[in-house]
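A.B. asks: Handing over start.cif, mmCIF, C-alpha atoms.
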data_work
loop_
_atom_site.label_atom_id
_atom_site.label_comp_id
_atom_site.auth_asym_id
_atom_site.auth_seq_id
_atom_site.Cartn_x
_atom_site.Cartn_y
_atom_site.Cartn_z
CA MET A 1 8.44 -15.28 -9.49
CA GLY A 2 10.67 -15.14 -12.51
CA SER A 3 11.58 -12.07 -14.51
CA GLU A 4 8.75 -9.74 -13.47
CA ARG A 5 10.02 -6.47 -12.06
CA TYR A 6 8.89 -5.00 -8.76
CA MET A 7 8.93 -1.50 -7.29
CA VAL A 8 11.64 -1.29 -4.64
CA PHE A 9 12.61 1.73 -2.55
CA LEU A 10 16.11 2.31 -1.21
CA SER A 11 16.90 4.45 1.84
CA ASN A 12 20.09 5.58 3.56
CA ASN A 13 18.35 5.09 6.91
CA HIS A 14 15.52 3.01 8.36
CA LYS A 15 12.75 5.44 7.33
CA PHE A 16 10.73 5.12 4.15
CA LYS A 17 8.71 8.32 4.02
CA TYR A 18 6.19 8.52 1.19
CA TYR A 19 6.37 11.32 -1.35
CA ASP A 20 4.21 12.12 -4.37
CA GLU A 21 6.41 12.38 -7.46
CA ALA A 22 3.72 14.34 -9.32
CA LYS A 23 3.87 17.13 -6.71
CA ILE A 24 7.63 17.66 -6.84
CA LYS A 25 7.45 19.97 -9.88
CA GLN A 26 4.34 21.66 -8.51
CA TYR A 27 6.11 22.40 -5.22
CA LYS A 28 8.69 24.58 -7.02
CA THR A 29 11.29 24.22 -4.29
CA ASN A 30 14.46 22.17 -3.99
CA PHE A 31 12.76 19.05 -2.68
CA VAL A 32 15.10 16.09 -2.17
CA PRO A 33 13.29 12.72 -2.11
CA PRO A 34 14.17 10.81 1.07
CA THR A 35 14.29 7.51 -0.83
CA ARG A 36 14.99 6.41 -4.37
CA ARG A 37 13.04 3.96 -6.45
CA VAL A 38 14.40 1.09 -8.55
CA ASP A 39 12.70 -1.76 -10.40
CA LEU A 40 14.12 -5.18 -9.58
CA THR A 41 13.26 -8.78 -10.26
CA PHE A 42 12.34 -10.69 -7.13
CA PRO A 43 15.62 -12.67 -7.15
CA GLU A 44 17.53 -9.37 -7.39
CA PHE A 45 15.57 -8.00 -4.44
CA VAL A 46 16.13 -11.15 -2.35
CA LYS A 47 19.86 -10.96 -3.14
CA LYS A 48 19.96 -7.40 -1.75
CA LEU A 49 18.13 -8.57 1.38
CA ARG A 50 20.49 -11.47 2.00
CA GLU A 51 23.69 -9.57 1.26
CA TRP A 52 22.76 -6.41 3.19
CA LYS A 53 25.25 -5.20 5.80
CA PRO A 54 25.34 -2.11 8.03
CA GLY A 55 26.11 0.97 5.97
CA ASP A 56 24.32 -0.33 2.87
CA GLU A 57 21.09 1.22 1.64
CA ARG A 58 18.08 -0.42 3.21
CA VAL A 59 15.46 -1.91 0.88
CA TYR A 60 11.66 -2.09 0.88
CA LEU A 61 9.55 -3.72 -1.84
CA GLN A 62 6.20 -1.97 -2.31
CA GLN A 63 4.34 -3.40 -5.27
CA GLY A 64 0.71 -3.04 -6.29
CA LEU A 65 -0.85 -6.43 -6.93
CA ASN A 66 -2.02 -6.73 -10.52
CA ASN A 67 -1.68 -9.11 -13.46
CA THR A 68 2.02 -8.21 -13.92
CA VAL A 69 3.30 -9.66 -10.65
CA GLY A 70 3.44 -13.28 -11.73
CA GLN A 71 1.18 -16.31 -11.46
CA ALA A 72 2.63 -17.57 -8.17
CA ILE A 73 1.71 -14.38 -6.28
CA VAL A 74 -1.71 -14.28 -7.94
CA MET A 75 -2.44 -17.82 -6.77
CA ASP A 76 -1.34 -16.96 -3.21
CA PHE A 77 -3.48 -13.83 -3.34
CA LEU A 78 -6.55 -15.89 -4.21
CA GLN A 79 -6.10 -17.86 -0.97
CA PHE A 80 -7.13 -14.90 1.17
CA ASN A 81 -10.47 -15.18 2.95
CA TRP A 82 -12.41 -13.18 0.37
CA GLN A 83 -15.74 -14.18 1.89
CA TRP A 84 -14.78 -12.45 5.15
CA LEU A 85 -13.40 -9.40 3.31
CA ASN A 86 -16.55 -9.03 1.20
CA MET A 87 -18.73 -9.37 4.30
CA GLN A 88 -16.79 -6.58 6.05
CA GLN A 89 -17.07 -4.37 2.98
CA LYS A 90 -20.84 -4.91 2.84
CA ASN A 91 -21.48 -4.56 6.59
CA ASN A 92 -19.51 -1.31 6.77
CA ASN A 93 -21.12 0.08 3.62
CA TRP A 94 -17.73 0.75 2.01
CA GLY A 95 -17.12 1.48 -1.62
CA PRO A 96 -15.17 -0.83 -3.94
CA LEU A 97 -11.77 -2.36 -3.32
CA THR A 98 -9.36 -0.02 -5.11
CA SER A 99 -5.96 -1.67 -4.72
CA ASN A 100 -3.73 -4.07 -2.86
CA LEU A 101 -0.14 -3.34 -1.96
CA LEU A 102 2.43 -6.07 -1.32
CA LEU A 103 5.05 -4.97 1.23
CA VAL A 104 8.27 -6.94 1.77
CA GLY A 105 10.71 -5.25 4.10
CA MET A 106 13.74 -5.60 6.30
CA GLU A 107 13.50 -5.77 10.06
CA GLY A 108 13.70 -2.24 11.45
CA ASN A 109 12.17 -0.51 8.41
CA VAL A 110 9.73 2.27 9.35
CA THR A 111 6.95 3.94 7.40
CA PRO A 112 6.62 7.26 9.30
CA VAL A 113 3.40 8.77 10.60
CA HIS A 114 0.82 9.52 7.90
CA TYR A 115 -2.85 9.01 7.09
CA ASP A 116 -4.69 7.59 4.08
CA GLU A 117 -7.94 8.67 2.47
CA GLN A 118 -9.21 5.11 2.18
CA GLN A 119 -10.29 2.31 4.50
CA ASN A 120 -7.45 -0.15 5.06
CA PHE A 121 -7.28 -3.77 6.12
CA PHE A 122 -3.62 -4.35 6.94
CA SER A 123 -2.88 -8.08 6.67
CA GLN A 124 0.33 -9.43 8.20
CA LEU A 125 1.73 -12.57 6.57
CA VAL A 126 5.34 -12.99 7.72
CA GLY A 127 7.17 -11.43 10.65
CA TYR A 128 5.95 -8.83 13.13
CA LYS A 129 5.11 -5.15 12.84
CA ARG A 130 4.46 -2.49 15.42
CA CYS A 131 1.66 -0.08 14.50
CA ILE A 132 1.17 3.23 16.31
CA LEU A 133 -2.18 4.90 15.62
CA PHE A 134 -3.62 8.35 16.32
CA ALA A 135 -7.27 9.32 15.84
CA PRO A 136 -8.15 12.14 13.38
CA GLU A 137 -8.79 14.60 16.24
CA HIS A 138 -5.01 14.76 16.77
CA TYR A 139 -4.57 16.36 13.34
CA GLU A 140 -3.26 19.68 14.70
CA ARG A 141 -0.84 17.91 17.05
CA LEU A 142 0.79 15.99 14.20
CA TYR A 143 1.64 18.99 12.00
CA PRO A 144 0.88 17.69 8.50
CA TYR A 145 2.59 19.06 5.43
CA PRO A 146 0.51 21.29 3.11
CA VAL A 147 -1.69 19.48 0.59
CA TYR A 148 0.49 20.68 -2.31
CA HIS A 149 3.72 19.41 -0.71
CA PRO A 150 5.25 16.14 -1.99
CA HIS A 151 4.90 14.85 1.59
CA ASP A 152 1.15 15.53 1.63
CA ARG A 153 -0.63 13.41 4.30
CA GLN A 154 2.64 12.92 6.20
CA SER A 155 3.53 14.36 9.60
CA GLN A 156 6.42 16.83 9.76
CA VAL A 157 7.45 15.39 13.14
CA ASP A 158 10.50 13.16 13.40
CA PHE A 159 9.31 10.66 16.00
CA ASP A 160 12.85 9.39 16.53
CA ASP A 161 13.92 12.85 17.70
CA PRO A 162 10.82 15.05 18.23
CA ASP A 163 11.37 18.79 18.46
CA MET A 164 9.06 19.71 21.34
CA GLU A 165 9.80 23.42 20.97
CA LYS A 166 8.88 23.48 17.29
CA PHE A 167 5.92 21.11 17.73
CA PRO A 168 4.53 21.85 21.23
CA GLY A 169 1.24 20.06 20.53
CA LEU A 170 3.08 16.73 20.76
CA LYS A 171 2.92 16.81 24.56
CA HIS A 172 -0.87 16.41 24.32
CA LEU A 173 -0.70 13.59 21.79
CA GLN A 174 -2.35 10.29 22.75
CA GLY A 175 -2.26 7.20 20.59
CA MET A 176 -2.56 3.45 20.71
CA GLU A 177 -0.25 0.62 19.79
CA ALA A 178 -0.79 -2.75 18.14
CA VAL A 179 1.69 -5.49 17.26
CA VAL A 180 0.59 -7.72 14.38
CA GLY A 181 2.01 -11.10 13.44
CA PRO A 182 1.32 -13.82 10.87
CA GLY A 183 -2.42 -14.21 10.31
CA ASP A 184 -3.40 -10.91 11.97
CA VAL A 185 -5.49 -8.27 10.22
CA LEU A 186 -5.51 -4.69 11.54
CA TYR A 187 -8.25 -2.27 10.50
CA ILE A 188 -6.87 1.24 9.95
CA PRO A 189 -9.81 3.63 9.38
CA MET A 190 -9.49 6.37 6.78
CA TYR A 191 -7.94 9.58 8.12
CA TRP A 192 -6.37 7.74 11.07
CA TRP A 193 -2.70 8.56 11.47
CA HIS A 194 -0.37 5.57 11.69
CA GLN A 195 3.28 4.61 11.77
CA ILE A 196 4.33 1.07 10.83
CA GLU A 197 7.61 -0.50 11.95
CA SER A 198 9.01 -3.93 11.09
CA LEU A 199 10.16 -4.99 14.54
CA PRO A 200 13.97 -5.22 14.87
CA HIS A 201 15.67 -8.58 15.45
CA LEU A 202 12.61 -10.58 14.35
CA GLY A 203 13.40 -11.11 10.68
CA ASN A 204 12.03 -9.74 7.43
CA THR A 205 8.33 -8.99 7.01
CA VAL A 206 5.61 -9.51 4.42
CA SER A 207 2.28 -7.64 4.49
CA VAL A 208 -0.60 -6.88 2.15
CA ASN A 209 -2.89 -3.82 2.24
CA PHE A 210 -6.53 -3.99 1.17
CA TRP A 211 -7.68 -0.45 0.37
CA TYR A 212 -11.37 0.38 -0.02
CA LYS A 213 -13.10 3.61 -0.89
CA GLY A 214 -15.22 5.12 1.84
CA GLY A 215 -18.96 4.56 1.64
CA PRO A 216 -21.61 7.00 0.42
CA THR A 217 -21.59 10.44 2.03
CA GLU A 218 -22.84 9.95 5.54
CA LYS A 219 -25.72 11.90 6.99
CA ILE A 220 -24.42 15.27 8.17
CA GLU A 221 -24.75 15.69 11.92
CA TYR A 222 -23.41 18.59 13.92
CA PRO A 223 -20.94 19.12 15.38
CA LEU A 224 -18.92 17.58 12.58
CA LYS A 225 -16.65 14.64 13.32
CA PRO A 226 -12.86 15.20 13.24
CA ARG A 227 -12.47 13.16 10.04
CA GLN A 228 -15.10 15.34 8.34
CA LYS A 229 -13.27 18.49 9.39
CA LEU A 230 -10.01 17.05 8.08
CA ALA A 231 -11.65 16.40 4.71
CA ILE A 232 -12.99 19.98 4.66
CA MET A 233 -9.53 21.40 5.38
CA ARG A 234 -8.04 19.39 2.54
CA ASN A 235 -10.70 20.63 0.15
CA VAL A 236 -10.18 24.26 1.20
CA GLU A 237 -6.43 23.96 0.56
CA LYS A 238 -7.03 22.35 -2.83
CA MET A 239 -9.54 25.04 -3.81
CA LEU A 240 -7.16 27.86 -2.86
CA LEU A 241 -4.31 26.26 -4.78
CA GLU A 242 -6.48 25.98 -7.88
CA ALA A 243 -7.54 29.61 -7.54
CA LEU A 244 -4.09 31.06 -6.77
CA ARG A 245 -2.06 28.69 -8.99
CA GLU A 246 0.94 29.33 -6.78
CA PRO A 247 1.59 27.05 -3.77
CA ALA A 248 3.66 29.71 -1.97
CA GLU A 249 0.61 32.00 -1.78
CA VAL A 250 -1.72 29.53 -0.06
CA GLY A 251 -0.20 29.78 3.44
CA PRO A 252 0.01 33.60 3.56
CA LEU A 253 -3.58 33.92 2.35
CA LEU A 254 -4.84 31.55 5.05
CA ARG A 255 -2.83 33.37 7.72
CA SER A 256 -4.20 36.70 6.53
CA LEU A 257 -7.73 35.35 6.65
CA VAL A 258 -7.42 33.91 10.14
CA LEU A 259 -5.25 36.58 11.77
CA GLY A 260 -7.15 39.39 10.11
CA ARG A 261 -10.67 38.26 10.91
CA TYR A 262 -10.86 35.37 13.36
CA THR A 263 -8.53 36.20 16.22
CA GLY A 264 -11.18 36.02 18.94
CA GLU A 265 -12.77 38.32 21.44
CA GLU A 266 -9.55 40.20 22.16
CA ALA A 267 -9.38 41.35 18.55
CA ASP A 268 -13.05 42.35 18.69
CA ARG A 269 -12.40 44.51 21.75
CA GLN A 270 -9.39 46.14 20.10
CA GLU A 271 -11.39 46.83 16.95
CA GLY A 272 -14.21 48.33 19.02
CA ALA A 273 -11.78 50.59 20.84
CA LEU A 274 -10.27 51.82 17.58
CA LEU A 275 -13.70 52.54 16.11
CA SER A 276 -14.71 54.39 19.27
CA ALA A 277 -11.58 56.52 19.18
CA ALA A 278 -12.09 57.35 15.53
CA THR A 279 -15.78 58.33 15.87
CA PRO A 280 -16.57 62.00 16.79
CA HIS A 281 -18.59 62.28 20.01
CA THR A 282 -21.30 64.88 20.60
CA ASN A 283 -22.72 65.98 23.91
#
Output the structure of this file as C-alpha cells.
C.D. replies:
Amino acid sequence: MGSERYMVFLSNNHKFKYYDEAKIKQYKTNFVPPTRRVDLTFPEFVKKLREWKPGDERVYLQQGLNNTVGQAIVMDFLQFNWQWLNMQQKNNNWGPLTSNLLLVGMEGNVTPVHYDEQQNFFSQLVGYKRCILFAPEHYERLYPYPVYHPHDRQSQVDFDDPDMEKFPGLKHLQGMEAVVGPGDVLYIPMYWWHQIESLPHLGNTVSVNFWYKGGPTEKIEYPLKPRQKLAIMRNVEKMLLEALREPAEVGPLLRSLVLGRYTGEEADRQEGALLSAATPHTN
C-alpha cells in the first residue's frame, strides 16, 4: 500500500463524532472539533495501531476509495459481489453509487448516533461491530443539531451518559441492535439513525460503506412518512438560513412562528377571550 496517504482521525476518547469543516466558519461560534485529522501512509497508520497504549490518542482511518488509494486496495475492491450490489440497486430503484468509504479502526471506537441522506450498504470485512439503529420517526427523541451546525445530522445526546432531564424524549426511544462480522452486509436506510461501535476486546476492524442516492421522488401519499417529514424540516431550515443569512436568527424565528401561531386549542381559547373582552357589547 506504499506511499499513498490516507485520511486518519485522532481522538482523545473512544468517540469519533463527525463534523462538517465547511460549516465551522458559518456557525460563527467557538466550535472545537472533537477530533483532529492527519494524513498518514498506511505503514504509519499501522504503526500507530500497534504501538497504541492507554492514554494515547485513538486512531480511525476513514478514506474514500478512489484511484489514489493504491492498486492493492483497488484489486481487493473489485472482488466484491458487484452483481449482487447492482441487483439490489436496480430492485430498490436507487440512484447511482456515489462513494465508498474504507473504515479501519481500533476495537472500542464509536461513531456516535447520526443519520445519512443516502442509502447505505455497510459491509463488514474484519472484526465485529455493534450497530444500534433508530427509525426516522424517533427524530424528535434524538435531538439533532441544527442544519447549519458543524454537527449537522448528529444527535446531541451522549449515549454513554444520557441527560434524561435535558432530553426527556429518550425514555420513549426504541431501537434495534445488530452485530456484524466478516462477510456480513447491513442495510442502513437513508434517514435512519445509527451508532456504530467496534466491539471491545475483539481486535481491530475493517469495513466498507456503499452509498447510493435515493431513487426518483416517490409518489406522495398522505399522511407523509417520517423520512419525508425529516426531509421537509431540513429544507425549511436551509431556506430560512438562506433568507436570514444569520444562523443565530433561525431558531428564534422558528420559535416565534410556532409559539405565536400554533400553540393549540388553549391558545385559541385565550385569543378568543381577549378579543371578546376588547370588543364593545351592545344590548
A.B. asks: Applying 10 Å and all atoms listed in the file, which residues near Glu140 (chain A) remain after dropping the ones on its own chain fewer than 4 positions away? List them as a list of chain:residue names.
C.D. replies: A:Pro136, A:Pro144, A:Phe167, A:Gly169, A:Leu170, A:Leu173, A:Leu230
A.B. asks: Evaluate the PyMOL selection byres ((chain A and resi 247) around 9) against this structure - the residues, as a count of residues only, please.
C.D. replies: 14
A.B. asks: Dump as a VMD selection string all residues having an atom at most 12 Å from (-3.9, 1.2, 12.1), computed in the file's coordinates with all atoms listed in the file.
C.D. replies: chain A and resid 113 to 116 118 to 123 129 to 136 175 to 180 185 to 197 209
A.B. asks: Would you mind telling me which residue in A:Asn100, A:Ser3, A:Asn12, A:Gln154 lies nearest to Pro112 (chain A) when using all atoms listed in the file?
C.D. replies: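 Going through A:Asn100, A:Ser3, A:Asn12, A:Gln154 one by one, the smallest distance to Pro112 (chain A) is for A:Gln154.
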A.B. asks: With distances taken over only C-alpha atoms, which residue among A:Pro223, A:Tyr19, A:Gly215, A:Leu253 lies nearest Leu97 (chain A)?
C.D. replies: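 Result for the nearest residue to Leu97 (chain A): A:Gly215.
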A.B. asks: May I ask for the distance between CA of Ser256 (chain A) and CA of His151 (chain A), given in Å to one decimal place?
C.D. replies: 24.2 Å
A.B. asks: Compare A:Ser198, A:Gln83, A:Gln63, A:Asn109 by their minimum atom-to-atom distance to Val126 (chain A), counting all atoms listed in the file, and give me the closest one.
C.D. replies: A:Ser198
A.B. asks: Taking into account all atoms listed in the file, which residue in the set A:Met239, A:Val258, A:Leu85, A:Val104 is nearest to Leu49 (chain A)?
C.D. replies: A:Val104
A.B. asks: Give the answer as one residue: which of A:Thr111, A:Asn67, A:Thr35, A:Gln174 has the shortest atom-to-atom distance to Ser155 (chain A), using all atoms listed in the file?
C.D. replies: A:Thr111
A.B. asks: Written as a PyMOL selection string, what is the full residue list that the PyMOL selection byres ((chain A and resi 74-82) around 12) yields on the file shown?
C.D. replies: chain A and resi 1+64-73+83-89+97+100-102+123-125+183+185+207-210
A.B. asks: CA of Arg153 (chain A) and CA of Met233 (chain A) are how many Å apart?
C.D. replies: 12.0 Å
A.B. asks: Report as a PDB file with C-alpha atoms, in the coordinates of the input the full result of the PyMOL selection byres ((chain A and resi 41-47) around 7) when it is applied to this structure.
C.D. replies:
ATOM      1  CA  MET A   1       8.440 -15.280  -9.490  1.00  0.00           C
ATOM      2  CA  SER A   3      11.580 -12.070 -14.510  1.00  0.00           C
ATOM      3  CA  GLU A   4       8.750  -9.740 -13.470  1.00  0.00           C
ATOM      4  CA  ARG A   5      10.020  -6.470 -12.060  1.00  0.00           C
ATOM      5  CA  TYR A   6       8.890  -5.000  -8.760  1.00  0.00           C
ATOM      6  CA  LEU A  40      14.120  -5.180  -9.580  1.00  0.00           C
ATOM      7  CA  LYS A  48      19.960  -7.400  -1.750  1.00  0.00           C
ATOM      8  CA  LEU A  49      18.130  -8.570   1.380  1.00  0.00           C
ATOM      9  CA  ARG A  50      20.490 -11.470   2.000  1.00  0.00           C
ATOM     10  CA  GLU A  51      23.690  -9.570   1.260  1.00  0.00           C
TER      11      GLU A  51
END
A.B. asks: Please measure the separation of CA of Tyr222 (chain A) and CA of Tyr145 (chain A), giving the value in Å to one decimal.
C.D. replies: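 Those two atoms sit 27.4 Å apart.
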A.B. asks: What lies within 7 Å of Trp94 (chain A) using only C-alpha atoms, ignoring chain neighbours under 6 positions off, as number ranges by chain?
C.D. replies: A: 212-215
A.B. asks: Mind completing region 82-94 of chain A with N, CA and C atoms? Output as a short mmCIF file (atom, residue, chain, number, x, y, z; two decimals), in the coordinates of the input, please?
C.D. replies:
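Ended up saving to result22.cif:
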data_model
loop_
_atom_site.label_atom_id
_atom_site.label_comp_id
_atom_site.auth_asym_id
_atom_site.auth_seq_id
_atom_site.Cartn_x
_atom_site.Cartn_y
_atom_site.Cartn_z
N TRP A 82 -11.65 -14.21 1.07
CA TRP A 82 -12.41 -13.18 0.37
C TRP A 82 -13.85 -13.10 0.86
N GLN A 83 -14.38 -14.21 1.36
CA GLN A 83 -15.74 -14.18 1.89
C GLN A 83 -15.82 -13.23 3.09
N TRP A 84 -14.81 -13.33 3.98
CA TRP A 84 -14.78 -12.45 5.15
C TRP A 84 -14.58 -10.99 4.72
N LEU A 85 -13.66 -10.76 3.78
CA LEU A 85 -13.40 -9.40 3.31
C LEU A 85 -14.66 -8.79 2.68
N ASN A 86 -15.33 -9.55 1.85
CA ASN A 86 -16.55 -9.03 1.20
C ASN A 86 -17.66 -8.75 2.21
N MET A 87 -17.73 -9.59 3.25
CA MET A 87 -18.73 -9.37 4.30
C MET A 87 -18.45 -8.07 5.05
N GLN A 88 -17.16 -7.82 5.37
CA GLN A 88 -16.79 -6.58 6.05
C GLN A 88 -17.10 -5.36 5.19
N GLN A 89 -16.79 -5.47 3.91
CA GLN A 89 -17.07 -4.37 2.98
C GLN A 89 -18.57 -4.06 2.97
N LYS A 90 -19.39 -5.09 2.90
CA LYS A 90 -20.84 -4.91 2.84
C LYS A 90 -21.38 -4.37 4.16
N ASN A 91 -20.95 -4.96 5.29
CA ASN A 91 -21.48 -4.56 6.59
C ASN A 91 -21.11 -3.13 6.94
N ASN A 92 -19.96 -2.67 6.46
CA ASN A 92 -19.51 -1.31 6.77
C ASN A 92 -19.92 -0.30 5.70
N ASN A 93 -20.61 -0.80 4.68
CA ASN A 93 -21.12 0.08 3.62
C ASN A 93 -19.99 0.83 2.92
N TRP A 94 -18.86 0.14 2.70
CA TRP A 94 -17.73 0.75 2.01
C TRP A 94 -17.94 0.72 0.50
#
